Amino acid sequence: MQAFNPYLPSYEYIPDAEPYVFDGRVYIYGSHDRFNAPIFCMNDYVCWSAPVDDLSQWTYSGVIFRKNQDPMNRLGLRLLFAPDVCRGPDGRYYLYYAYDFLGAVGVAVCDKPDGQYAFYGHVHYADGTLLGRRKGDEFPFDPGVLLDDDGQVYLYSGFATKVPPILSRFHNLKNSGGSVIVLDRDMVTIRREPRLLFPRKGSGLPGEFAGHEFFEASSIRKIDGKYVFVYSSANNHELCYAVSDRPDGGFRFGGTLVDQGDLYMEGRDDETHARNYLGNTHGGMVELNGRWYIFYHRQTNQHSYSRQACAEPLERTADGGFKQAEVTSCGLNGKPLEGKGLYPARIACNLWSAQGTCRYDKPFRKKDHPYFTQKGRDGDQDAVQYIANMRDGSVAGFKYFDFRDVKNIACSVSGHGVGVMQVSSSEDFSSLAAEVALRADGDMCKASAPLKLADGVHPLYFRYQGSGEIDFYSFELG
């Protein structure tokens, strides 16, 4: 079978995914969004995993930690934001989390990576004071954790923006940027006090960080003896990395690992002409079958509250760093998709309107833009995901396919519109491979046309031209 982006089933909404390999399986630990929710992270933590030798076969382990298990949240009103997991020196698995803007880091523990985690405690100073309860503490947010080779435990945290007082009971905390804390071997007691690593924008970061300053989403890995820190930049829609010879300082900017809209590639930096719609992102790195991957998430439903997990392979640079990954539809597949067969439109990696794209955290005219959504309720395994509201000039792009003797293409759509679906291997549609005539009157309809495309590896772009709007469900190559 093949792996796609998003790599989990269409009904699942997992942002902030941190990937780890334990005993031959890759596990992801992330927040848990709800379909078309009004706010981030409304569901409990769940776990998915796959064998490292077949990244198309993801298995659901169920809920591993519920919002109300922490004594600070017995009513379950707080939201579980981005977590991280670490196998401790005792062989058990430790889950680090922070409730929205509560200003504390909780820890849960389990004997297996995807079992039922039990509340363990809150990160605290030696005198028992919780992290985030001392005046002048950095605001605890997005914990990332590393057990180093020498048994030392490092906790990374940070949020480089002002937290509105209404969102926190504690107004005496700082938001200077990203920091590191050394924990004792009990995984919860602070052994060395927080140290600022990544000052917020305008606060003294070295020049090479300019334009890509730390914002949130701390994630840490040790690669080839170097400490690689992954974070979401002040641009919000990209994951960057920094490298150091030690875990608690001296980090140098490495570059962009992935951007949701492929900005910062080929000189592209205009957010209104990104290759997909933009919102926050968060993720981590993992080595699978001798190759490194970056995990991130995309937005759906024209907001940032129903995000889905994606991943891309990374290429190394001559000096041991990483090149920016292109956003694709094939992701964990490790190679182009087969150039024949039925594909859901939901795996589009590029999406834009005739007016370009936008950021979902800024005002925009929703009716002008196509978007990913689904029919069915949250968690409904029979839910069908599709691209809605493709109007005249809307484009959906898919990368990449290995075409061999393909002669025909068919598109399945619904909605209310009359026009054509132009198909091309070029995003500017300078040459057309097919034109599929469409007439949608509310019901699902399927139309086909001959496809003229040379053998080889190509992207595939679909542009609707016509009246009204259509919903794009799938296409078939044959």
# chains A, B, ... in the order shown; residues from 1 in each chain; ligands from 1
call {"tool": "residues_around", "arguments": {"residues": "A:Leu342", "least_positions_apart": "4", "cutoff": "9 Å", "atoms": "only C-alpha atoms", "output": "list in words"}}
result
Ser474, Phe475, Glu476, Leu477 and Gly478 of chain A
call {"tool": "residues_around", "arguments": {"residues": "stretch 111-127 of chain A", "least_positions_apart": "3", "cutoff": "9 Å", "atoms": "only C-alpha atoms", "output": "ChimeraX atom specification"}}
result
/A:22,27,46-49,61-66,69-71,85,87,91-95,104-108,130-132,183,187-193
call {"tool": "atom_distance", "arguments": {"atom1": "atom CA of A:Asn172", "atom2": "atom CA of A:Leu197"}}
result
20.2 Å
call {"tool": "closest_residue", "arguments": {"among": "A:Leu102, A:Phe159, A:Gly320, A:Asn43", "to": "A:Arg133", "atoms": "only C-alpha atoms"}}
result
A:Leu102
call {"tool": "atom_distance", "arguments": {"atom1": "atom CA of A:Gly284", "atom2": "atom CA of A:Glu18"}}
result
5.0 Å
call {"tool": "closest_residue", "arguments": {"among": "A:Asn289, A:Tyr464, A:Ala454, A:Phe139", "to": "A:Leu438", "atoms": "only C-alpha atoms"}}
result
A:Tyr464
call {"tool": "select_by_dssp", "arguments": {"residues": "stretch 170-401 of chain A", "states": "helix (DSSP H, G or I)", "output": "mmCIF file with N, CA and C atoms, in the first residue's frame"}}
result
data_model
loop_
_atom_site.group_PDB
_atom_site.id
_atom_site.type_symbol
_atom_site.label_atom_id
_atom_site.label_comp_id
_atom_site.auth_asym_id
_atom_site.auth_seq_id
_atom_site.Cartn_x
_atom_site.Cartn_y
_atom_site.Cartn_z
ATOM 1 N N GLY A 207 22.202 37.419 14.297
ATOM 2 C CA GLY A 207 21.688 37.907 13.023
ATOM 3 C C GLY A 207 21.128 36.855 12.109
ATOM 4 N N GLU A 208 21.688 35.638 12.159
ATOM 5 C CA GLU A 208 21.215 34.627 11.216
ATOM 6 C C GLU A 208 19.789 34.176 11.516
ATOM 7 N N PHE A 209 19.266 34.465 12.707
ATOM 8 C CA PHE A 209 17.879 34.131 13.038
ATOM 9 C C PHE A 209 16.895 35.182 12.515
ATOM 10 N N GLU A 271 3.022 35.833 1.339
ATOM 11 C CA GLU A 271 2.044 34.944 1.969
ATOM 12 C C GLU A 271 0.745 34.837 1.182
ATOM 13 N N THR A 272 0.412 35.839 0.390
ATOM 14 C CA THR A 272 -0.827 35.772 -0.392
ATOM 15 C C THR A 272 -0.680 34.885 -1.612
ATOM 16 N N HIS A 273 0.552 34.459 -1.906
ATOM 17 C CA HIS A 273 0.774 33.539 -3.020
ATOM 18 C C HIS A 273 1.575 32.322 -2.569
ATOM 19 N N GLY A 331 4.682 12.373 0.910
ATOM 20 C CA GLY A 331 5.217 12.347 2.256
ATOM 21 C C GLY A 331 5.958 11.095 2.663
ATOM 22 N N LEU A 332 5.354 10.317 3.569
ATOM 23 C CA LEU A 332 5.981 9.122 4.120
ATOM 24 C C LEU A 332 6.098 7.983 3.108
ATOM 25 N N ASN A 333 5.524 8.152 1.936
ATOM 26 C CA ASN A 333 5.642 7.106 0.919
ATOM 27 C C ASN A 333 7.094 6.898 0.504
ATOM 28 N N ALA A 345 -9.225 13.683 -3.348
ATOM 29 C CA ALA A 345 -8.774 15.073 -3.497
ATOM 30 C C ALA A 345 -8.191 15.607 -2.200
ATOM 31 N N ARG A 346 -8.522 15.014 -1.075
ATOM 32 C CA ARG A 346 -8.047 15.493 0.225
ATOM 33 C C ARG A 346 -6.536 15.433 0.371
ATOM 34 N N ILE A 347 -5.825 14.683 -0.488
ATOM 35 C CA ILE A 347 -4.369 14.591 -0.383
ATOM 36 C C ILE A 347 -3.672 15.696 -1.174
ATOM 37 N N LYS A 366 -14.147 34.375 3.140
ATOM 38 C CA LYS A 366 -14.212 32.917 3.089
ATOM 39 C C LYS A 366 -14.809 32.399 1.786
ATOM 40 N N LYS A 367 -15.785 33.116 1.259
ATOM 41 C CA LYS A 367 -16.472 32.594 0.077
ATOM 42 C C LYS A 367 -15.582 32.562 -1.158
ATOM 43 N N ASP A 368 -14.450 33.276 -1.109
ATOM 44 C CA ASP A 368 -13.561 33.317 -2.271
ATOM 45 C C ASP A 368 -12.607 32.134 -2.343
#
call {"tool": "residues_around", "arguments": {"residues": "A:Arg439", "least_positions_apart": "2", "cutoff": "8 Å", "atoms": "only C-alpha atoms", "output": "ChimeraX atom specification"}}
result
/A:416-419,437,441,445
call {"tool": "write_last_selection", "arguments": {"atoms": "N, CA and C atoms", "output": "PDB file, in the first residue's frame"}}
result
ATOM      1  N   HIS A 416     -22.658  23.054  -7.275  1.00  0.00           N
ATOM      2  CA  HIS A 416     -23.521  23.685  -8.273  1.00  0.00           C
ATOM      3  C   HIS A 416     -22.657  24.559  -9.166  1.00  0.00           C
ATOM      4  N   GLY A 417     -22.272  24.016 -10.289  1.00  0.00           N
ATOM      5  CA  GLY A 417     -21.432  24.765 -11.209  1.00  0.00           C
ATOM      6  C   GLY A 417     -21.353  24.103 -12.564  1.00  0.00           C
ATOM      7  N   VAL A 418     -21.049  24.906 -13.565  1.00  0.00           N
ATOM      8  CA  VAL A 418     -20.866  24.416 -14.935  1.00  0.00           C
ATOM      9  C   VAL A 418     -19.552  24.965 -15.448  1.00  0.00           C
ATOM     10  N   GLY A 419     -18.676  24.086 -15.918  1.00  0.00           N
ATOM     11  CA  GLY A 419     -17.385  24.541 -16.421  1.00  0.00           C
ATOM     12  C   GLY A 419     -16.505  23.385 -16.798  1.00  0.00           C
ATOM     13  N   ALA A 437     -15.026  18.272 -18.876  1.00  0.00           N
ATOM     14  CA  ALA A 437     -16.253  19.073 -18.812  1.00  0.00           C
ATOM     15  C   ALA A 437     -17.071  18.651 -17.600  1.00  0.00           C
ATOM     16  N   ASP A 441     -24.989  19.604 -10.271  1.00  0.00           N
ATOM     17  CA  ASP A 441     -26.298  20.147  -9.898  1.00  0.00           C
ATOM     18  C   ASP A 441     -26.717  19.712  -8.502  1.00  0.00           C
ATOM     19  N   CYS A 445     -21.282  13.659  -9.294  1.00  0.00           N
ATOM     20  CA  CYS A 445     -21.193  13.287 -10.698  1.00  0.00           C
ATOM     21  C   CYS A 445     -19.739  12.997 -11.049  1.00  0.00           C
TER      22      CYS A 445
END
call {"tool": "residues_around", "arguments": {"residues": "stretch 299-315 of chain A", "least_positions_apart": "4", "cutoff": "8 Å", "atoms": "only C-alpha atoms", "output": "mmCIF file with C-alpha atoms, in the first residue's frame"}}
result
data_model
loop_
_atom_site.group_PDB
_atom_site.id
_atom_site.type_symbol
_atom_site.label_atom_id
_atom_site.label_comp_id
_atom_site.auth_asym_id
_atom_site.auth_seq_id
_atom_site.Cartn_x
_atom_site.Cartn_y
_atom_site.Cartn_z
ATOM 1 C CA ASN A 5 -0.370 13.241 3.259
ATOM 2 C CA PRO A 6 -2.170 13.585 5.587
ATOM 3 C CA TYR A 7 -0.920 10.167 6.671
ATOM 4 C CA LEU A 8 -3.706 9.363 9.166
ATOM 5 C CA GLU A 12 -8.517 12.256 12.325
ATOM 6 C CA TYR A 13 -7.219 15.675 13.353
ATOM 7 C CA ILE A 14 -3.832 15.445 15.074
ATOM 8 C CA PRO A 15 -1.667 18.592 15.123
ATOM 9 C CA ASP A 16 1.689 19.175 16.865
ATOM 10 C CA ALA A 17 2.794 15.578 16.270
ATOM 11 C CA ASP A 33 -8.323 18.759 17.473
ATOM 12 C CA ARG A 34 -12.027 18.315 16.848
ATOM 13 C CA PHE A 35 -13.556 18.549 13.394
ATOM 14 C CA ASN A 36 -14.708 22.103 12.698
ATOM 15 C CA ALA A 37 -14.207 23.124 16.325
ATOM 16 C CA PRO A 38 -14.309 26.735 17.602
ATOM 17 C CA ILE A 39 -10.935 26.466 19.387
ATOM 18 C CA PHE A 40 -7.731 24.403 19.459
ATOM 19 C CA CYS A 41 -7.243 20.943 21.012
ATOM 20 C CA LEU A 257 12.758 22.599 7.496
ATOM 21 C CA TYR A 277 -3.383 28.223 3.143
ATOM 22 C CA LEU A 278 -1.411 29.254 6.212
ATOM 23 C CA GLY A 279 -1.791 28.873 9.964
ATOM 24 C CA ASN A 280 0.305 27.719 12.877
ATOM 25 C CA ARG A 291 16.149 8.745 6.296
ATOM 26 C CA TRP A 292 15.113 11.752 8.360
ATOM 27 C CA TYR A 293 11.563 13.118 8.189
ATOM 28 C CA ILE A 294 9.968 16.310 9.463
ATOM 29 C CA PHE A 295 6.432 16.051 10.855
ATOM 30 C CA PHE A 322 19.017 19.774 6.350
ATOM 31 C CA LYS A 323 17.486 21.301 3.241
ATOM 32 C CA GLN A 324 13.975 22.706 3.287
ATOM 33 C CA ALA A 325 11.454 20.010 2.407
ATOM 34 C CA GLU A 326 8.836 20.625 -0.246
ATOM 35 C CA VAL A 327 5.238 20.030 0.802
ATOM 36 C CA THR A 328 3.942 16.986 -1.090
ATOM 37 C CA GLY A 331 5.217 12.347 2.256
ATOM 38 C CA LEU A 332 5.981 9.122 4.120
ATOM 39 C CA GLY A 334 9.304 7.867 0.293
ATOM 40 C CA TYR A 360 -6.369 31.824 8.534
ATOM 41 C CA ASP A 361 -5.425 33.923 11.569
ATOM 42 C CA LYS A 366 -14.212 32.917 3.089
ATOM 43 C CA TYR A 371 -10.800 24.540 1.598
ATOM 44 C CA PHE A 372 -10.593 21.013 3.016
ATOM 45 C CA THR A 373 -13.617 19.766 4.952
#
call {"tool": "residues_around", "arguments": {"residues": "A:Glu138", "least_positions_apart": "2", "cutoff": "8 Å", "atoms": "only C-alpha atoms", "output": "list of chain:residue names"}}
result
A:Gly132, A:Gly136, A:Pro140, A:Gly158, A:Leu173, A:Lys174, A:Asn175, A:Ser176, A:Gly177, A:Ser179, A:Pro194
call {"tool": "atom_distance", "arguments": {"atom1": "atom CA of A:Val180", "atom2": "atom CA of A:Val145"}}
result
9.4 Å
